[in-house]
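S.K.: Input start.csv, format and content: CSV, C-alpha atoms and all ligand atoms.
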```
chain,number,residue,atom,x,y,z
A,1,MET,CA,-91.9,210.4,2.7
A,2,GLY,CA,-90.0,207.6,0.9
A,3,GLU,CA,-86.3,207.3,0.2
A,4,VAL,CA,-84.7,207.4,-3.3
A,5,ILE,CA,-81.7,205.1,-3.8
A,6,VAL,CA,-79.8,204.9,-7.1
A,7,VAL,CA,-77.9,201.8,-8.1
A,8,THR,CA,-74.8,202.7,-10.1
A,9,SER,CA,-71.5,201.1,-11.3
A,10,GLY,CA,-69.8,202.9,-14.1
A,11,LYS,CA,-68.8,199.7,-15.9
A,12,GLY,CA,-71.5,197.8,-17.6
A,13,GLY,CA,-72.7,194.3,-16.9
A,14,VAL,CA,-71.6,194.1,-13.3
A,15,GLY,CA,-75.0,193.5,-11.8
A,16,LYS,CA,-76.9,196.8,-11.4
A,17,THR,CA,-80.2,195.5,-12.8
A,18,THR,CA,-79.9,192.3,-10.9
A,19,THR,CA,-79.2,194.2,-7.7
A,20,THR,CA,-82.0,196.7,-8.3
A,21,ALA,CA,-84.5,193.9,-8.9
A,22,ASN,CA,-83.5,191.9,-5.8
A,23,ILE,CA,-83.3,194.8,-3.4
A,24,GLY,CA,-86.8,195.9,-4.7
A,25,ALA,CA,-88.3,192.4,-4.3
A,26,GLY,CA,-86.5,192.0,-1.0
A,27,LEU,CA,-88.0,195.2,0.4
A,28,ALA,CA,-91.4,194.4,-0.9
A,29,SER,CA,-91.3,190.9,0.6
A,30,MET,CA,-90.6,192.5,3.9
A,31,GLY,CA,-93.7,194.7,3.6
A,32,CYS,CA,-92.5,197.9,2.0
A,33,LYS,CA,-94.1,199.8,-0.8
A,34,VAL,CA,-91.5,199.9,-3.5
A,35,ALA,CA,-91.2,201.6,-6.9
A,36,LEU,CA,-88.4,200.5,-9.2
A,37,VAL,CA,-87.4,203.0,-11.9
A,38,ASP,CA,-85.6,201.7,-15.0
A,39,ALA,CA,-83.5,204.7,-16.0
A,40,ASP,CA,-81.6,202.8,-18.7
A,41,ILE,CA,-83.5,204.5,-21.5
A,42,GLY,CA,-83.1,202.7,-24.9
A,43,LEU,CA,-81.9,199.5,-23.2
A,44,ARG,CA,-84.9,198.5,-21.1
A,45,ASN,CA,-84.0,195.4,-19.0
A,46,LEU,CA,-85.5,195.6,-15.5
A,47,ASP,CA,-88.9,194.5,-16.9
A,48,VAL,CA,-87.6,191.2,-18.2
A,49,VAL,CA,-85.5,190.5,-15.1
A,50,LEU,CA,-88.7,190.9,-13.1
A,51,GLY,CA,-90.8,189.0,-15.6
A,52,LEU,CA,-93.1,191.9,-16.2
A,53,GLU,CA,-92.3,192.5,-19.9
A,54,ASN,CA,-95.7,191.6,-21.2
A,55,ARG,CA,-97.6,194.0,-19.0
A,56,ILE,CA,-96.0,197.3,-20.2
A,57,VAL,CA,-98.3,199.9,-21.7
A,58,TYR,CA,-96.7,203.2,-20.9
A,59,ASP,CA,-93.1,204.0,-20.0
A,60,ILE,CA,-91.1,206.7,-18.2
A,61,VAL,CA,-91.0,209.0,-21.3
A,62,ASP,CA,-94.8,208.8,-21.6
A,63,VAL,CA,-94.9,210.1,-18.0
A,64,THR,CA,-92.4,212.9,-18.3
A,65,SER,CA,-93.8,214.1,-21.6
A,66,GLY,CA,-97.3,214.0,-20.3
A,67,ASN,CA,-98.7,211.2,-22.5
A,68,CYS,CA,-100.1,209.5,-19.4
A,69,ARG,CA,-100.3,209.9,-15.7
A,70,LEU,CA,-97.6,208.4,-13.4
A,71,ARG,CA,-100.2,206.0,-11.9
A,72,GLN,CA,-101.0,204.6,-15.3
A,73,ALA,CA,-97.4,203.7,-16.2
A,74,LEU,CA,-96.6,201.9,-12.9
A,75,ILE,CA,-96.8,198.1,-13.3
A,76,LYS,CA,-97.8,196.0,-10.3
A,77,ASP,CA,-95.8,192.9,-9.7
A,78,LYS,CA,-97.6,189.6,-10.0
A,79,ARG,CA,-96.3,188.0,-6.8
A,80,LEU,CA,-95.3,190.8,-4.5
A,81,GLU,CA,-98.0,193.1,-3.2
A,82,GLY,CA,-95.9,196.2,-2.7
A,83,LEU,CA,-93.7,196.0,-5.7
A,84,HIS,CA,-94.1,198.4,-8.7
A,85,LEU,CA,-92.1,199.1,-11.9
A,86,LEU,CA,-91.8,202.2,-13.9
A,87,PRO,CA,-90.3,200.9,-17.2
A,88,ALA,CA,-87.7,202.6,-19.3
A,89,ALA,CA,-88.6,203.8,-22.8
A,90,GLN,CA,-87.2,201.5,-25.5
A,91,THR,CA,-87.6,203.6,-28.6
A,92,LYS,CA,-86.3,206.9,-27.3
A,93,ASP,CA,-82.7,207.9,-26.4
A,94,LYS,CA,-81.3,209.0,-23.1
A,95,THR,CA,-81.8,212.7,-23.9
A,96,ALA,CA,-85.6,212.1,-23.9
A,97,VAL,CA,-85.6,212.7,-20.1
A,98,SER,CA,-83.9,215.6,-18.3
A,99,PRO,CA,-82.4,215.6,-14.8
A,100,GLU,CA,-85.0,218.2,-13.9
A,101,GLN,CA,-87.9,215.9,-15.0
A,102,MET,CA,-86.3,213.0,-13.0
A,103,ARG,CA,-86.2,215.1,-9.9
A,104,GLU,CA,-89.8,215.9,-10.3
A,105,LEU,CA,-90.7,212.3,-10.9
A,106,CYS,CA,-88.8,211.1,-7.8
A,107,GLY,CA,-90.5,213.8,-5.7
A,108,GLU,CA,-93.9,212.5,-6.9
A,109,LEU,CA,-93.0,208.8,-6.2
A,110,LYS,CA,-91.7,209.6,-2.8
A,111,LYS,CA,-95.2,210.7,-1.7
A,112,GLU,CA,-96.6,207.2,-2.3
A,113,PHE,CA,-93.7,204.7,-1.8
A,114,ASP,CA,-91.4,203.8,1.0
A,115,TYR,CA,-88.5,203.1,-1.3
A,116,ILE,CA,-87.8,204.2,-4.8
A,117,ILE,CA,-84.9,202.3,-6.4
A,118,ILE,CA,-83.4,203.6,-9.6
A,119,ASP,CA,-81.5,201.3,-12.0
A,120,CYS,CA,-78.8,203.5,-13.5
A,121,PRO,CA,-77.4,202.8,-17.0
A,122,ALA,CA,-73.7,202.1,-17.5
A,123,GLY,CA,-71.5,205.0,-18.3
A,124,ILE,CA,-71.1,208.6,-17.0
A,125,GLU,CA,-73.1,210.5,-19.5
A,126,GLN,CA,-76.6,211.9,-19.5
A,127,GLY,CA,-78.2,208.6,-18.5
A,128,PHE,CA,-76.1,208.7,-15.4
A,129,ARG,CA,-76.9,212.3,-14.6
A,130,ASN,CA,-80.6,211.6,-15.1
A,131,ALA,CA,-80.5,208.5,-12.8
A,132,VAL,CA,-78.8,210.3,-9.9
A,133,ALA,CA,-80.7,213.6,-10.2
A,134,GLY,CA,-83.5,212.7,-7.9
A,135,ALA,CA,-81.6,210.3,-5.6
A,136,GLU,CA,-80.8,210.8,-2.0
A,137,LYS,CA,-78.6,207.8,-1.5
A,138,ALA,CA,-76.4,205.7,-3.8
A,139,VAL,CA,-75.3,202.1,-4.1
A,140,VAL,CA,-72.2,201.3,-6.2
A,141,VAL,CA,-72.0,197.8,-7.6
A,142,THR,CA,-68.6,196.3,-8.6
A,143,THR,CA,-67.0,193.0,-9.3
A,144,PRO,CA,-63.6,191.9,-8.1
A,145,GLU,CA,-61.8,193.0,-11.3
A,146,VAL,CA,-59.4,195.8,-12.0
A,147,SER,CA,-61.6,197.5,-14.6
A,148,ALA,CA,-64.8,197.3,-12.6
A,149,VAL,CA,-63.2,198.7,-9.4
A,150,ARG,CA,-61.5,201.4,-11.3
A,151,ASP,CA,-64.8,202.5,-12.8
A,152,ALA,CA,-66.4,202.3,-9.4
A,153,ASP,CA,-63.8,204.7,-8.1
A,154,ARG,CA,-64.6,207.1,-10.8
A,155,ILE,CA,-68.3,206.8,-10.1
A,156,ILE,CA,-67.8,207.4,-6.4
A,157,GLY,CA,-66.1,210.7,-7.3
A,158,LEU,CA,-68.9,211.7,-9.7
A,159,LEU,CA,-71.6,210.8,-7.1
A,160,GLU,CA,-69.9,213.0,-4.6
A,161,ALA,CA,-69.7,215.8,-7.1
A,162,ALA,CA,-73.4,215.4,-7.5
A,163,GLY,CA,-74.0,215.7,-3.8
A,164,LEU,CA,-74.4,212.0,-3.1
A,165,TYR,CA,-71.9,211.5,-0.3
A,166,GLU,CA,-71.0,208.2,1.3
A,167,PRO,CA,-72.3,205.7,-1.3
A,168,LYS,CA,-72.5,202.1,-0.2
A,169,LEU,CA,-70.7,199.3,-1.9
A,170,VAL,CA,-72.0,196.0,-3.2
A,171,ILE,CA,-69.3,193.5,-4.4
A,172,ASN,CA,-70.9,191.1,-6.8
A,173,ARG,CA,-69.8,187.8,-8.3
A,174,ILE,CA,-67.1,187.0,-5.8
A,175,ARG,CA,-65.6,183.5,-6.1
A,176,LEU,CA,-64.3,182.3,-2.8
A,177,LYS,CA,-62.2,179.6,-4.3
A,178,MET,CA,-60.3,182.1,-6.4
A,179,VAL,CA,-59.9,184.5,-3.5
A,180,ARG,CA,-58.4,181.7,-1.4
A,181,GLN,CA,-56.0,180.9,-4.2
A,182,GLY,CA,-54.9,184.5,-4.3
A,183,ASP,CA,-56.3,184.9,-7.8
A,184,MET,CA,-59.1,187.3,-7.0
A,185,MET,CA,-59.1,190.4,-5.0
A,186,SER,CA,-60.8,189.9,-1.6
A,187,ILE,CA,-63.5,192.0,0.0
A,188,GLU,CA,-60.9,193.7,2.2
A,189,ASP,CA,-58.7,194.5,-0.8
A,190,ILE,CA,-61.5,196.2,-2.6
A,191,ILE,CA,-62.8,198.1,0.5
A,192,ASP,CA,-59.3,199.2,1.2
A,193,ILE,CA,-58.9,200.7,-2.3
A,194,LEU,CA,-62.3,202.3,-2.6
A,195,ALA,CA,-62.5,203.4,1.0
A,196,ILE,CA,-66.3,203.3,1.3
A,197,ASP,CA,-68.7,201.3,3.4
A,198,LEU,CA,-69.8,197.8,2.4
A,199,LEU,CA,-73.5,197.1,2.0
A,200,GLY,CA,-73.0,193.5,1.0
A,201,VAL,CA,-71.3,190.8,-1.0
A,202,ILE,CA,-73.0,188.6,-3.5
A,203,PRO,CA,-71.3,185.3,-4.5
A,204,GLU,CA,-71.1,184.1,-8.1
A,205,ASP,CA,-74.1,181.9,-8.3
A,206,GLU,CA,-75.7,180.0,-11.2
A,207,LEU,CA,-79.0,180.4,-9.6
A,208,ILE,CA,-79.0,184.1,-10.5
A,209,VAL,CA,-78.8,183.1,-14.1
A,210,ILE,CA,-81.6,180.6,-13.6
A,211,THR,CA,-83.9,182.9,-11.7
A,212,THR,CA,-83.3,185.7,-14.2
A,213,ASN,CA,-84.2,183.3,-17.0
A,214,ARG,CA,-87.5,182.7,-15.4
A,215,GLY,CA,-88.1,186.4,-14.5
A,216,GLU,CA,-87.9,185.7,-10.8
A,217,ALA,CA,-85.9,187.3,-8.0
A,218,VAL,CA,-83.3,185.1,-6.3
A,219,VAL,CA,-83.9,187.1,-3.1
A,220,LEU,CA,-87.1,185.1,-2.6
A,221,ASP,CA,-85.2,181.7,-2.8
A,222,GLN,CA,-84.8,180.8,0.8
A,223,ASN,CA,-82.1,178.2,0.3
A,224,SER,CA,-79.6,179.9,-1.9
A,225,ARG,CA,-76.4,181.8,-0.8
A,226,SER,CA,-77.0,184.7,-3.2
A,227,GLY,CA,-80.6,184.9,-2.0
A,228,GLN,CA,-79.4,185.1,1.5
A,229,ALA,CA,-76.8,187.8,0.5
A,230,TYR,CA,-79.6,189.9,-1.0
A,231,ARG,CA,-81.8,189.4,2.0
A,232,ASN,CA,-79.0,190.7,4.2
A,233,ILE,CA,-78.6,193.7,2.0
A,234,THR,CA,-82.3,194.4,2.2
A,235,ARG,CA,-82.3,194.3,6.0
A,236,ARG,CA,-79.3,196.6,6.1
A,237,ILE,CA,-81.2,199.1,3.9
A,238,LEU,CA,-84.0,198.8,6.4
A,239,GLY,CA,-81.6,199.9,9.1
A,240,GLU,CA,-80.9,196.5,10.7
A,241,GLU,CA,-77.5,195.6,11.9
A,242,VAL,CA,-76.7,192.4,10.0
A,243,PRO,CA,-73.2,191.1,10.6
A,244,MET,CA,-71.1,190.5,7.4
A,245,VAL,CA,-70.8,186.7,7.1
A,246,ASN,CA,-67.2,186.0,6.7
A,247,LEU,CA,-67.3,184.6,3.2
A,248,GLU,CA,-63.7,184.0,3.4
A,249,GLU,CA,-63.7,181.6,6.3
A,250,GLU,CA,-61.6,178.8,5.1
A,251,ASP,CA,-62.5,175.2,4.8
A,252,GLY,CA,-61.2,173.2,7.7
A,253,PHE,CA,-58.9,171.1,5.6
A,254,LEU,CA,-57.0,173.9,3.9
A,255,LYS,CA,-56.6,175.7,7.1
A,256,LYS,CA,-55.1,172.7,8.8
A,257,LEU,CA,-52.8,172.0,5.9
A,258,ARG,CA,-51.5,175.6,6.0
A,259,LYS,CA,-50.8,175.2,9.7
A,260,ILE,CA,-48.9,172.0,9.1
A,261,ILE,CA,-46.7,173.5,6.4
A,262,GLY,CA,-46.1,176.5,8.6
A,263,LEU,CA,-48.1,179.2,6.8
A,264,LYS,CA,-50.3,181.7,8.6
B,1,MET,CA,-41.4,169.4,-1.6
B,2,LEU,CA,-42.0,171.9,1.2
B,3,GLU,CA,-41.4,174.7,-1.3
B,4,PHE,CA,-43.9,173.2,-3.7
B,5,LEU,CA,-46.5,172.9,-1.0
B,6,SER,CA,-46.0,176.4,0.3
B,7,ARG,CA,-46.3,177.8,-3.2
B,8,LEU,CA,-49.5,175.8,-3.6
B,9,PHE,CA,-51.0,177.1,-0.5
B,10,SER,CA,-49.6,180.6,-0.2
B,11,ARG,CA,-51.7,183.6,-1.0
B,12,ASP,CA,-48.8,185.7,-1.9
B,13,ASN,CA,-48.0,184.8,-5.5
B,14,GLY,CA,-51.5,184.8,-6.9
B,15,SER,CA,-52.5,187.2,-9.7
B,16,LYS,CA,-54.6,189.3,-7.3
B,17,ASN,CA,-51.4,191.0,-6.1
B,18,VAL,CA,-50.7,192.1,-9.6
B,19,ALA,CA,-54.3,193.3,-9.9
B,20,LYS,CA,-54.1,195.3,-6.7
B,21,GLU,CA,-50.8,197.0,-7.7
B,22,ARG,CA,-52.1,197.9,-11.1
B,23,LEU,CA,-55.3,199.2,-9.6
B,24,ARG,CA,-53.4,201.3,-7.1
B,25,LEU,CA,-51.3,203.0,-9.8
B,26,VAL,CA,-54.1,203.6,-12.2
B,27,LEU,CA,-56.2,205.2,-9.4
B,28,VAL,CA,-53.4,207.6,-8.5
B,29,HIS,CA,-53.7,208.9,-12.1
B,30,ASP,CA,-57.5,208.8,-12.3
B,31,ARG,CA,-58.0,210.5,-9.0
B,32,THR,CA,-55.8,213.4,-9.8
B,33,SER,CA,-57.1,213.8,-13.3
B,34,ILE,CA,-60.6,214.2,-12.1
B,35,SER,CA,-60.0,217.0,-9.7
B,36,PRO,CA,-58.2,220.0,-11.0
B,37,GLN,CA,-59.7,221.9,-8.1
B,38,LEU,CA,-57.6,219.8,-5.8
B,39,LEU,CA,-54.4,220.8,-7.6
B,40,GLU,CA,-55.6,224.5,-7.3
B,41,THR,CA,-56.1,224.2,-3.5
B,42,LEU,CA,-52.8,222.5,-3.1
B,43,LYS,CA,-51.2,225.3,-5.1
B,44,ALA,CA,-52.8,227.9,-2.8
B,45,ASP,CA,-51.7,226.1,0.3
B,46,LEU,CA,-48.1,225.7,-1.1
B,47,ILE,CA,-47.9,229.5,-1.8
B,48,GLN,CA,-49.0,230.2,1.7
B,49,VAL,CA,-46.5,227.9,3.4
B,50,VAL,CA,-43.5,228.9,1.1
B,51,SER,CA,-44.3,232.6,1.4
B,52,ASN,CA,-43.5,232.3,5.1
B,53,TYR,CA,-39.9,231.7,4.2
B,54,MET,CA,-39.3,233.4,0.8
B,55,GLU,CA,-40.7,235.8,-1.6
B,56,ILE,CA,-42.0,233.9,-4.6
B,57,ASP,CA,-43.4,234.6,-8.0
B,58,GLU,CA,-46.9,233.3,-7.6
B,59,SER,CA,-47.9,233.9,-11.2
B,60,ALA,CA,-45.1,231.7,-12.4
B,61,LEU,CA,-45.7,228.9,-10.0
B,62,GLU,CA,-46.3,225.4,-11.5
B,63,VAL,CA,-47.5,222.3,-9.8
B,64,ASN,CA,-47.9,219.1,-11.6
B,65,LEU,CA,-48.1,215.4,-11.1
B,66,ASP,CA,-45.4,213.7,-13.1
B,67,SER,CA,-45.7,210.0,-13.8
B,68,SER,CA,-43.1,207.8,-15.4
B,69,GLY,CA,-43.1,204.1,-15.3
B,70,ASN,CA,-44.6,203.0,-12.1
B,71,THR,CA,-44.0,206.0,-9.9
B,72,VAL,CA,-45.8,209.3,-9.6
B,73,ALA,CA,-44.2,212.4,-8.3
B,74,LEU,CA,-45.5,215.8,-7.3
B,75,VAL,CA,-43.3,218.3,-9.1
B,76,ALA,CA,-43.5,222.0,-8.1
B,77,ASN,CA,-41.6,224.7,-9.8
B,78,ILE,CA,-41.6,227.8,-7.6
B,79,PRO,CA,-39.5,230.8,-8.8
B,80,VAL,CA,-37.9,232.6,-5.8
B,81,LYS,CA,-37.7,236.3,-6.0
B,82,GLY,CA,-36.0,236.8,-2.7
B,83,MET,CA,-35.4,235.5,0.8
B,84,LYS,CA,-37.2,236.9,3.9
B,85,ARG,CA,-35.1,237.9,6.9
B,86,THR,CA,-37.7,236.3,9.2
B,87,ALA,CA,-37.0,232.9,7.8
B,88,ASN,CA,-33.3,233.2,8.8
B,89,ARG,CA,-34.2,234.1,12.3
B,90,ARG,CA,-36.3,230.9,12.7
B,91,ILE,CA,-33.5,228.5,11.9
C,1,LIG,N1,-73.7,187.0,-8.7
C,1,LIG,C1,-73.9,186.6,-10.0
C,1,LIG,N2,-73.7,185.4,-10.3
C,1,LIG,C2,-73.9,184.9,-11.6
C,1,LIG,N3,-74.4,185.7,-12.6
C,1,LIG,C3,-74.6,187.0,-12.3
C,1,LIG,C4,-74.4,187.5,-11.0
C,1,LIG,N4,-74.7,188.9,-11.0
C,1,LIG,C5,-75.1,189.2,-12.3
C,1,LIG,N5,-75.1,188.1,-13.1
C,1,LIG,C6,-75.4,188.0,-14.5
C,1,LIG,O1,-74.6,189.0,-15.2
C,1,LIG,C7,-75.3,189.6,-16.2
C,1,LIG,C8,-75.3,191.1,-16.1
C,1,LIG,O2,-76.0,191.5,-15.0
C,1,LIG,P1,-76.9,192.8,-15.0
C,1,LIG,O3,-77.8,192.9,-16.2
C,1,LIG,O4,-77.6,192.9,-13.6
C,1,LIG,O5,-75.8,193.9,-15.1
C,1,LIG,P2,-76.0,195.5,-15.3
C,1,LIG,O6,-74.9,196.1,-14.5
C,1,LIG,O7,-77.4,195.9,-15.1
C,1,LIG,O8,-75.6,195.6,-16.9
C,1,LIG,P3,-75.8,196.9,-17.8
C,1,LIG,O9,-74.6,197.7,-17.5
C,1,LIG,O10,-75.8,196.3,-19.2
C,1,LIG,O11,-77.1,197.5,-17.5
C,1,LIG,C9,-76.7,189.0,-16.2
C,1,LIG,O12,-76.8,188.0,-17.2
C,1,LIG,C10,-76.8,188.4,-14.8
C,1,LIG,O13,-77.7,187.3,-14.7
C,2,MG,MG,-78.7,197.0,-16.4
```
Starting from the file, give its structure as structure tokens.
Ligand SMILES: Nc1ncnc2c1ncn2[C@@H]1O[C@H](COP(=O)(O)OP(=O)(O)OP(=O)(O)O)[C@@H](O)[C@H]1O
Ligand SMILES: [Mg+2]

M.R.:
Amino acid sequence: MGEVIVVTSGKGGVGKTTTTANIGAGLASMGCKVALVDADIGLRNLDVVLGLENRIVYDIVDVTSGNCRLRQALIKDKRLEGLHLLPAAQTKDKTAVSPEQMRELCGELKKEFDYIIIDCPAGIEQGFRNAVAGAEKAVVVTTPEVSAVRDADRIIGLLEAAGLYEPKLVINRIRLKMVRQGDMMSIEDIIDILAIDLLGVIPEDELIVITTNRGEAVVLDQNSRSGQAYRNITRRILGEEVPMVNLEEEDGFLKKLRKIIGLK
Amino acid sequence: MLEFLSRLFSRDNGSKNVAKERLRLVLVHDRTSISPQLLETLKADLIQVVSNYMEIDESALEVNLDSSGNTVALVANIPVKGMKRTANRRI
């Protein structure tokens, strides 16, 4: 039986879809059978992020309303053997699917896949309730900003109310230079405030924009920092103990200078 | 000069501290506003504890979080109907 993980955030645009795509591609590249479900009905995105937009025939609403079978709607990835996508409907609205239908769908997918990753829409309304309905575990994505962390806190409360305890945190778009200058909240600051376990930290990286432009997943890029960060997250999901790289390790020069002028 | 350098390299006066403080406050409000159950349980516990010492009017009991400026206070209004003799003995 597979495991259903929902990727949430509350605030929009913090990196849910990017994270869903990269965890999915990461797991598939390590040999897992993965189904990605785009639950952002009306704002379909996961297909373009994965470069699969031209292959869509049926969508999630076609499946839940019985227009086609689940197998027909699942799109196979071009490069990664085990990766599949169930696209969101673009023409319908979020009420086109019910939480009950989502639960059923996830139950069906679990029979065939090792991991089912659900890309949750922003917000706390029906789209959110649908996305979490069939999930067993949750990931909360945030960026180091007041509004994003605040919304993450709200989402953690709502996840727990929905029976999804102990969600794991992904901090996205961290900029070490700003953290060092004291102009961006650090990883410790955020963990301290939200009081949940860290799954991983993704640096701000132009390569994410570039790979997304091409419809590729940065997790497959062996030389990038963000790719490495997503590979670490993938391995942690697989149950491996991967130490958190201390992203805040200072450059030698700055550290020395601090010592010289008598700061810790 | 030293002051300039220390300001340049200190973590303490960056905007992240402002962010943290604002976040801390806003979450105190958010977290209480999303769980009226929590306030109810707190009320029940309060009644239990206070009843050990005095007779109170449970139906008129009020518990609220009061926020003004940058402080938040737990304000409880508990009408007392009478004191218990046992409470005197304990002291
Ligand atoms: N670490 C990063 N570095 C640079 N750009 C990033 C990073 N993470 C995400 N982005 C960019 O930020 C934008 C928003 O990301 P994404 O679509 O994944 O967010 P989302 O949470 O799914 O948004 P929505 O709430 O609208 O569904 C995208 O253009 C993406 O390429
Ligand atoms: Mg998205």

S.K.: Residues within 9 Å of ligand MG 2 (chain C), counting all atoms listed in the file: report them as an mmCIF file with C-alpha atoms, in the coordinates of the input.

M.R.:
```cif
data_model
loop_
_atom_site.group_PDB
_atom_site.id
_atom_site.type_symbol
_atom_site.label_atom_id
_atom_site.label_comp_id
_atom_site.auth_asym_id
_atom_site.auth_seq_id
_atom_site.Cartn_x
_atom_site.Cartn_y
_atom_site.Cartn_z
ATOM 1 C CA GLY A 12 -71.500 197.800 -17.600
ATOM 2 C CA GLY A 13 -72.700 194.300 -16.900
ATOM 3 C CA VAL A 14 -71.600 194.100 -13.300
ATOM 4 C CA GLY A 15 -75.000 193.500 -11.800
ATOM 5 C CA LYS A 16 -76.900 196.800 -11.400
ATOM 6 C CA THR A 17 -80.200 195.500 -12.800
ATOM 7 C CA THR A 18 -79.900 192.300 -10.900
ATOM 8 C CA THR A 20 -82.000 196.700 -8.300
ATOM 9 C CA ASP A 38 -85.600 201.700 -15.000
ATOM 10 C CA ASP A 40 -81.600 202.800 -18.700
ATOM 11 C CA LEU A 43 -81.900 199.500 -23.200
ATOM 12 C CA ARG A 44 -84.900 198.500 -21.100
ATOM 13 C CA ASN A 45 -84.000 195.400 -19.000
ATOM 14 C CA LEU A 46 -85.500 195.600 -15.500
ATOM 15 C CA ASP A 119 -81.500 201.300 -12.000
ATOM 16 C CA CYS A 120 -78.800 203.500 -13.500
ATOM 17 C CA PRO A 121 -77.400 202.800 -17.000
ATOM 18 C CA ALA A 122 -73.700 202.100 -17.500
#
```

S.K.: In Å, with one decimal, what is the gap from CA of Glu53 in chain A to CA of Thr143 in chain A?

M.R.: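 Those two atoms sit 27.4 Å apart.
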
S.K.: When you count all atoms listed in the file, which of these residues is closest to chain B: A:Glu3, A:Asp153, A:Glu104, A:Glu166?

M.R.: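 That would be A:Asp153, the residue with the smallest distance to chain B.
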
S.K.: To one decimal place in Å, what is the distance between CA of Ile117 in chain A and CA of Thr19 in chain A?

M.R.: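 The value is 10.0 Å.
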
S.K.: Restrict the distance test to all atoms listed in the file, flag each residue of chain A within 7 Å of chain B, and return the flagged residues as a PyMOL selection string.

M.R.: chain A and resi 146+150+180-185+258+261

S.K.: What is the CA of Ala73 in chain B to CA of His29 in chain B distance in Å?

M.R.: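 So the answer is 10.8 Å.
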
S.K.: Choose the residue, out of A:Glu81, A:Asp59, A:Asp93, A:Glu240, that has the smallest atom-to-atom separation from Ile41 in chain A; count only C-alpha atoms.

M.R.: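 Closest residue, counting only C-alpha atoms: A:Asp93.
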
S.K.: Could you list, as a PyMOL selection string, every residue within 10 Å of Val149 in chain A, counting all atoms listed in the file and ignoring same-chain residues fewer than 6 positions away?

M.R.: (chain A and resi 9-11+140-143+155+171+190-191+193-194) or (chain B and resi 23+27)

S.K.: For each of A:Asp47, A:Ala28, A:Asp189, A:Val7, take the minimum atom-to-atom distance to Thr212 in chain A, counting all atoms listed in the file, then give the residue where this is smallest.

M.R.: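 For Thr212 in chain A, the nearest of the given residues is A:Asp47.
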
S.K.: Let me make sure I understand: among A:Asp151, A:Val6, A:Gln72, A:Leu169, which one has the smallest atom-to-atom distance to Asn130 in chain A if we use only C-alpha atoms?

M.R.: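 Using only C-alpha atoms, Asn130 in chain A sits closest to A:Val6.
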
S.K.: So, counting only C-alpha atoms, which residue among A:Arg173, A:Lys111, A:Lys94, A:His84 is closest to Phe128 in chain A?

M.R.: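 Closest to Phe128 in chain A of all the choices is A:Lys94.
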
S.K.: Using all atoms listed in the file, which of A:Glu206, A:Glu108, A:Asp221, A:Asp114 sits nearest Gly24 in chain A?

M.R.: A:Asp114

S.K.: Neighbours of range 39-43 of chain B within 12 Å (all atoms listed in the file; same-chain residues fewer than 4 positions away dropped), as a list in words?

M.R.: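 Skipping anything fewer than 4 positions along the chain leaves Arg31, Thr32, Ser33, Ile34, Ser35, Ile47, Gln48, Val49, Val50, Ser51, Glu58, Ser59, Ala60, Leu61, Glu62, Val63, Asn64, Leu65, Leu74, Val75, Ala76, Asn77 and Ile78 of chain B.
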
S.K.: Identify, on the basis of all atoms listed in the file, every residue whose closest approach to Met83 in chain B does not exceed 7 Å; exclude the query and any residue fewer than 6 positions from it along the same chain; express the result as a ChimeraX atom specification.

M.R.: /B:53-55
